[in-house]
Amino acid sequence: MEKKILFPQVGGFVHGGDYNPEQWLDRPDILEEDVRLMKKAGINSMSVGIFSWSVLEPAEGEFHFEWLEEIIDRLYENGIYTVLATPSGARPAWLDEKYPEARRVNRMGMREHHGGRHNHCMSSPVYREKVAVMDRKLAEKFGSHPGVIMYHISNEFSGECYCDHCVKRFRGYLAEKYDHDIEKLNHAWWTTFWSHRYNNFEQIEPPFVHGETSVMGLNLEWKRFTTWNTNDFMKAEAAVLHSVTPHIPVTANLMRMFGGLDYRKMAPDMDVVSWDNYPTFHNDWETLADTAYETAFQHALMRSLKRDVPFMMMESAPGLVNWQKVNKVKRPGIHRLSCLQAVACGSDSVQYFQWRKGRGSYEQFHGAVVDHMGTDDTRIFKEVAEVGELLKRIAPAAGTLVKTKAAMLFDWDNRWAIEDMKALGQETKKYEETCINIWKEFFRLGVDMDIVGSDEDLSPYDVVVAPMLYMLQPGTAANLRAFVERGGQLLATYLLGYVDSEQLCYLGGFPGDGLKELFGIVSEEIDSLYPADRNGIILTDDALRAAGGAMSCGNSRGGSLAGGTTECCGGQAEKKADWAVVEYAEILRVQDAQVLGTYADDFYQGSAAVTCKSHGKGNAYYVAARTGAADMRPLFERMLADAGISVRRLPEGVECHVRSGEEDRYEFYLNWTKEAVSVPGVEGRDIVSGAQITDRLELPAYGVAVVCPL
């Protein structure tokens, strides 16, 4: 596995952030001081121009690039490279005044006023034209500059528009998808319900808040169209840039598990995936380690969007942010941990928003490397400089990749369909939370997992988990079947295969599309539990029971059922239960699967809750009820063992990732606890401290290590 070096010019990891010199053009002394401070902090790259349109083009056709040229020159002369942004994320007032069609129309059908950002219409021909002019001029002016190493397209794409341009494009998108046959659309959307049939595509409107919102196919296709239209806008920008400078890669910064866009559809059109990382550290509802593990999940999601190259952490807060419910300052030592976590998960950059705090407006109190004090003796500046030194020490790891043998299936389409379905408990669907909790449980076993689409190639993996895979894409069932037949260990949960990609229910019992045969079960009903309801699972498989008998299996509302009692709905019968059931329980007909666990209570007491069917060389496991991820740990361990994947029990709060290249291997260890910990089974040289490790790694509180095995 060869290294994939993103930026050979840099000679290691990118260390930088968002720089807004246009806010300080009247203070040349500050601009000079910035460069001195950047060098002291170990900065080697800056993202420039992200929201600079009104300075680059203060009036239509009047371009001023001299200040930007001076900045890029000065940075390069001091060994600092530029990620040059296109300014399309926020428009100048003159553009909205002259071309109001560039402003979005909201779900009420009202044109928005000038202001904010990301409120431009992705379909507007005039806006696309103005953006293309700006992008071409930037590429022609700076594309040959040796200091420019990447283009950063727009900023944090989001939102939707309901204007006439977008409605027209939506209708064209639908006509193309359904072969210009309105009856195909009517069938796919089941529009005979409530007499909602369409006679032609011109009758279709987006789901206005005071319009049609009850057709699930319409709602889903609007979300798919919004992704398609946004991606088309991004591709148009990239095409202009590449037409002038094909050698310079492009990226667009994404936002965690953002619900508004299907990032998996956008990633192929980026040369590098980047994202903005803002965890809610030090909150009062979970441990610091839990926050960190969820952040590792988000990193894995971004890493998995483009698995053949490292990703980039384009933004992070060196201190605090200004938009969370409680804007908590990072405690000492957490910044280093957070930065190294990004690198450990596969990022080749550590970048910040922002370099220097502005004096006014919306983000004047958002954290930055340089505070309003403007000095280099603040705690945060010192911690950033420490990270700069750390990144230089571990520079040989740049370009290596995280390669895993386990994966979780996560589809944006599936997420949207579950959110919109009129079934189950409206407040307890928790698709994202379910995925994250299961991912974290594998992580606690020392197993990193990629997060991939259900229609992606599964050949690199030996273990695959498919939580709540309600919607099946064309080919998904065949993909899963082929995975199991070649020896894969597959686990699926309740809500599997209820609808196809058009959200039409499968007939003949769930799961559909041949998955009944793969898993050997049919789901006849699904029960939704109230908070007061109790049920449990009694494991009938002796090995699973022995492995999990001592575990605490409390449900999400508190309490524990492990080795104790469960209450039936009337609160009377008491029976031994190994796993707690909360919120959802499917009632199964077992065809030819082995039953590993049964329900403890209710009218479906004694019926199958956990099953396994061998198929080809592999196994297909099914968990029919929502239970704690920790409850299922013995089942996960069995799957990993059968797949030949080693389980590694790390001390609580310790995180481990592995990056590797042709001959290089780097083990990253992070201690998210206030206590010193000892990690057994570690040998090699820690390139952070320089120490030789034999058998046991000692990590101080909030300590980090990067070990090259001997």
# chains A, B, ... in the order shown; residues from 1 in each chain; ligands from 1

$ residues_around --residues "segment 113-124 of chain A" --least-positions-apart "6" --cutoff "7 Å" --atoms "only C-alpha atoms" --output "number ranges by chain"
A: 89-90, 93, 96, 101-104, 157-158, 161, 165-166, 229-230, 233

$ residues_around --residues "Leu424 of chain A" --least-positions-apart "2" --cutoff "8 Å" --atoms "only C-alpha atoms" --output "PDB file with N, CA and C atoms, in the first residue's frame"
ATOM      1  N   LYS A 422     -43.954   7.432   8.215  1.00  0.00           N
ATOM      2  CA  LYS A 422     -44.984   7.613   9.233  1.00  0.00           C
ATOM      3  C   LYS A 422     -45.219   6.274   9.920  1.00  0.00           C
ATOM      4  N   GLN A 426     -42.277   8.435  16.645  1.00  0.00           N
ATOM      5  CA  GLN A 426     -41.794   9.587  15.889  1.00  0.00           C
ATOM      6  C   GLN A 426     -40.573  10.244  16.515  1.00  0.00           C
ATOM      7  N   THR A 428     -38.290   8.494  18.475  1.00  0.00           N
ATOM      8  CA  THR A 428     -37.309   7.494  18.925  1.00  0.00           C
ATOM      9  C   THR A 428     -36.681   6.708  17.780  1.00  0.00           C
ATOM     10  N   LYS A 429     -36.735   7.230  16.575  1.00  0.00           N
ATOM     11  CA  LYS A 429     -36.159   6.476  15.456  1.00  0.00           C
ATOM     12  C   LYS A 429     -34.639   6.372  15.582  1.00  0.00           C
ATOM     13  N   ASP A 527     -43.066  -3.881  16.943  1.00  0.00           N
ATOM     14  CA  ASP A 527     -43.703  -3.269  18.100  1.00  0.00           C
ATOM     15  C   ASP A 527     -42.890  -2.066  18.552  1.00  0.00           C
ATOM     16  N   SER A 528     -43.566  -0.947  18.816  1.00  0.00           N
ATOM     17  CA  SER A 528     -42.902   0.233  19.371  1.00  0.00           C
ATOM     18  C   SER A 528     -43.234   0.324  20.849  1.00  0.00           C
ATOM     19  N   TYR A 584     -37.999  -0.704  20.229  1.00  0.00           N
ATOM     20  CA  TYR A 584     -38.497  -1.461  19.073  1.00  0.00           C
ATOM     21  C   TYR A 584     -38.232  -2.954  19.226  1.00  0.00           C
TER      22      TYR A 584
END

$ residues_around --residues "Leu588 of chain A" --least-positions-apart "2" --cutoff "8 Å" --atoms "only C-alpha atoms" --output "number ranges by chain"
A: 521-525, 586, 590, 607-609, 624

$ closest_residue --among "A:Asp29, A:Asp411, A:Glu662, A:Asp450" --to "Met302 of chain A" --atoms "only C-alpha atoms"
A:Asp450

$ residues_around --residues "Pro249 of chain A" --least-positions-apart "4" --cutoff "7 Å" --atoms "only C-alpha atoms" --output "list in words"
Met150, Tyr151 and Asp271 of chain A

$ atom_distance --atom1 "atom CA of Ser501 of chain A" --atom2 "atom CA of His180 of chain A"
18.8 Å

$ select_by_dssp --residues "segment 158-245 of chain A" --states "alpha helix (DSSP H)" --output "PyMOL selection string"
chain A and resi 164-177+182-189+216-244

$ closest_residue --among "A:Ala175, A:Ala547, A:Ile71, A:Val402" --to "Gly661 of chain A" --atoms "only C-alpha atoms"
A:Val402

$ residues_around --residues "Tyr362 of chain A" --least-positions-apart "4" --cutoff "10 Å" --atoms "only C-alpha atoms" --output "PyMOL selection string"
chain A and resi 116+322-323+358+366

$ write_last_selection --atoms "all heavy atoms" --output "compact mmCIF listing (two decimals), in the first residue's frame"
# COMPACT_ATOMS: atom_id res chain seq x y z
N GLY A 116 -26.54 37.36 5.52
CA GLY A 116 -26.07 36.04 5.90
C GLY A 116 -25.10 35.48 4.88
O GLY A 116 -24.33 36.21 4.25
N ASN A 322 -18.50 29.96 18.84
CA ASN A 322 -19.43 30.97 19.34
C ASN A 322 -20.87 30.64 19.01
O ASN A 322 -21.76 31.47 19.19
CB ASN A 322 -19.10 32.35 18.74
CG ASN A 322 -19.45 32.46 17.27
OD1 ASN A 322 -19.43 31.47 16.55
ND2 ASN A 322 -19.78 33.65 16.82
N TRP A 323 -21.15 29.40 18.55
CA TRP A 323 -22.49 29.09 18.07
C TRP A 323 -23.12 27.88 18.74
O TRP A 323 -24.29 27.56 18.48
CB TRP A 323 -22.46 28.85 16.56
CG TRP A 323 -21.36 27.94 16.11
CD1 TRP A 323 -20.12 28.30 15.67
CD2 TRP A 323 -21.39 26.51 16.09
NE1 TRP A 323 -19.37 27.19 15.36
CE2 TRP A 323 -20.13 26.07 15.61
CE3 TRP A 323 -22.34 25.56 16.41
CZ2 TRP A 323 -19.82 24.72 15.46
CZ3 TRP A 323 -22.04 24.22 16.27
CH2 TRP A 323 -20.78 23.81 15.80
N GLY A 358 -11.65 38.52 14.53
CA GLY A 358 -12.02 39.82 13.99
C GLY A 358 -12.53 40.74 15.09
O GLY A 358 -12.96 40.30 16.15
N HIS A 366 -15.65 34.08 18.14
CA HIS A 366 -15.30 32.69 17.80
C HIS A 366 -13.81 32.51 18.06
O HIS A 366 -13.00 33.39 17.80
CB HIS A 366 -15.61 32.42 16.34
CG HIS A 366 -15.57 30.96 15.97
ND1 HIS A 366 -14.40 30.23 15.96
CD2 HIS A 366 -16.55 30.10 15.58
CE1 HIS A 366 -14.66 28.99 15.59
NE2 HIS A 366 -15.96 28.88 15.36

$ residues_around --residues "Ile537 of chain A" --least-positions-apart "2" --cutoff "12 Å" --atoms "only C-alpha atoms" --output "ChimeraX atom specification"
/A:534-535,539-541,544-545,553,561-567,575-582,585,595-602,604-611,623-628,631-632

$ write_last_selection --atoms "C-alpha atoms" --output "compact mmCIF listing (two decimals), in the first residue's frame"
# COMPACT_ATOMS: atom_id res chain seq x y z
CA ARG A 534 -40.03 -3.34 29.49
CA ASN A 535 -38.90 -6.42 27.65
CA LEU A 539 -29.91 -15.79 25.05
CA THR A 540 -30.38 -19.42 24.09
CA ASP A 541 -26.85 -19.75 22.73
CA LEU A 544 -23.06 -15.94 23.84
CA ARG A 545 -24.67 -16.18 27.26
CA CYS A 553 -27.30 -4.21 30.03
CA LEU A 561 -31.81 -6.22 33.07
CA ALA A 562 -28.62 -8.26 32.95
CA GLY A 563 -28.95 -11.35 35.07
CA GLY A 564 -31.92 -9.76 36.80
CA THR A 565 -35.57 -9.42 35.99
CA THR A 566 -37.66 -7.85 33.29
CA GLU A 567 -41.09 -6.39 33.68
CA LYS A 575 -37.96 -13.69 33.99
CA LYS A 576 -34.24 -13.84 33.55
CA ALA A 577 -33.02 -11.69 30.65
CA ASP A 578 -29.56 -11.12 29.25
CA TRP A 579 -30.19 -8.09 27.02
CA ALA A 580 -32.59 -5.23 27.55
CA VAL A 581 -35.06 -4.37 24.81
CA VAL A 582 -36.07 -0.74 24.34
CA ALA A 585 -39.07 -5.19 18.81
CA VAL A 595 -32.24 -18.98 17.07
CA LEU A 596 -29.65 -17.44 19.41
CA GLY A 597 -32.02 -15.49 21.64
CA THR A 598 -35.73 -15.13 22.40
CA TYR A 599 -37.99 -12.47 23.88
CA ALA A 600 -38.58 -12.60 27.62
CA ASP A 601 -42.03 -11.05 27.81
CA ASP A 602 -45.24 -9.90 26.17
CA TYR A 604 -44.31 -12.70 21.68
CA GLN A 605 -42.46 -14.18 24.67
CA GLY A 606 -40.32 -17.10 23.54
CA SER A 607 -40.23 -16.04 19.89
CA ALA A 608 -36.95 -15.37 18.11
CA ALA A 609 -35.11 -12.09 18.77
CA VAL A 610 -31.56 -12.96 17.67
CA THR A 611 -30.81 -15.36 14.81
CA VAL A 623 -31.00 -8.72 15.86
CA ALA A 624 -34.73 -8.04 15.77
CA ALA A 625 -34.93 -5.60 18.69
CA ARG A 626 -33.27 -2.41 19.77
CA THR A 627 -30.87 -3.25 22.56
CA GLY A 628 -27.81 -1.50 23.90
CA ASP A 631 -25.31 -5.81 25.10
CA MET A 632 -24.34 -7.02 21.65
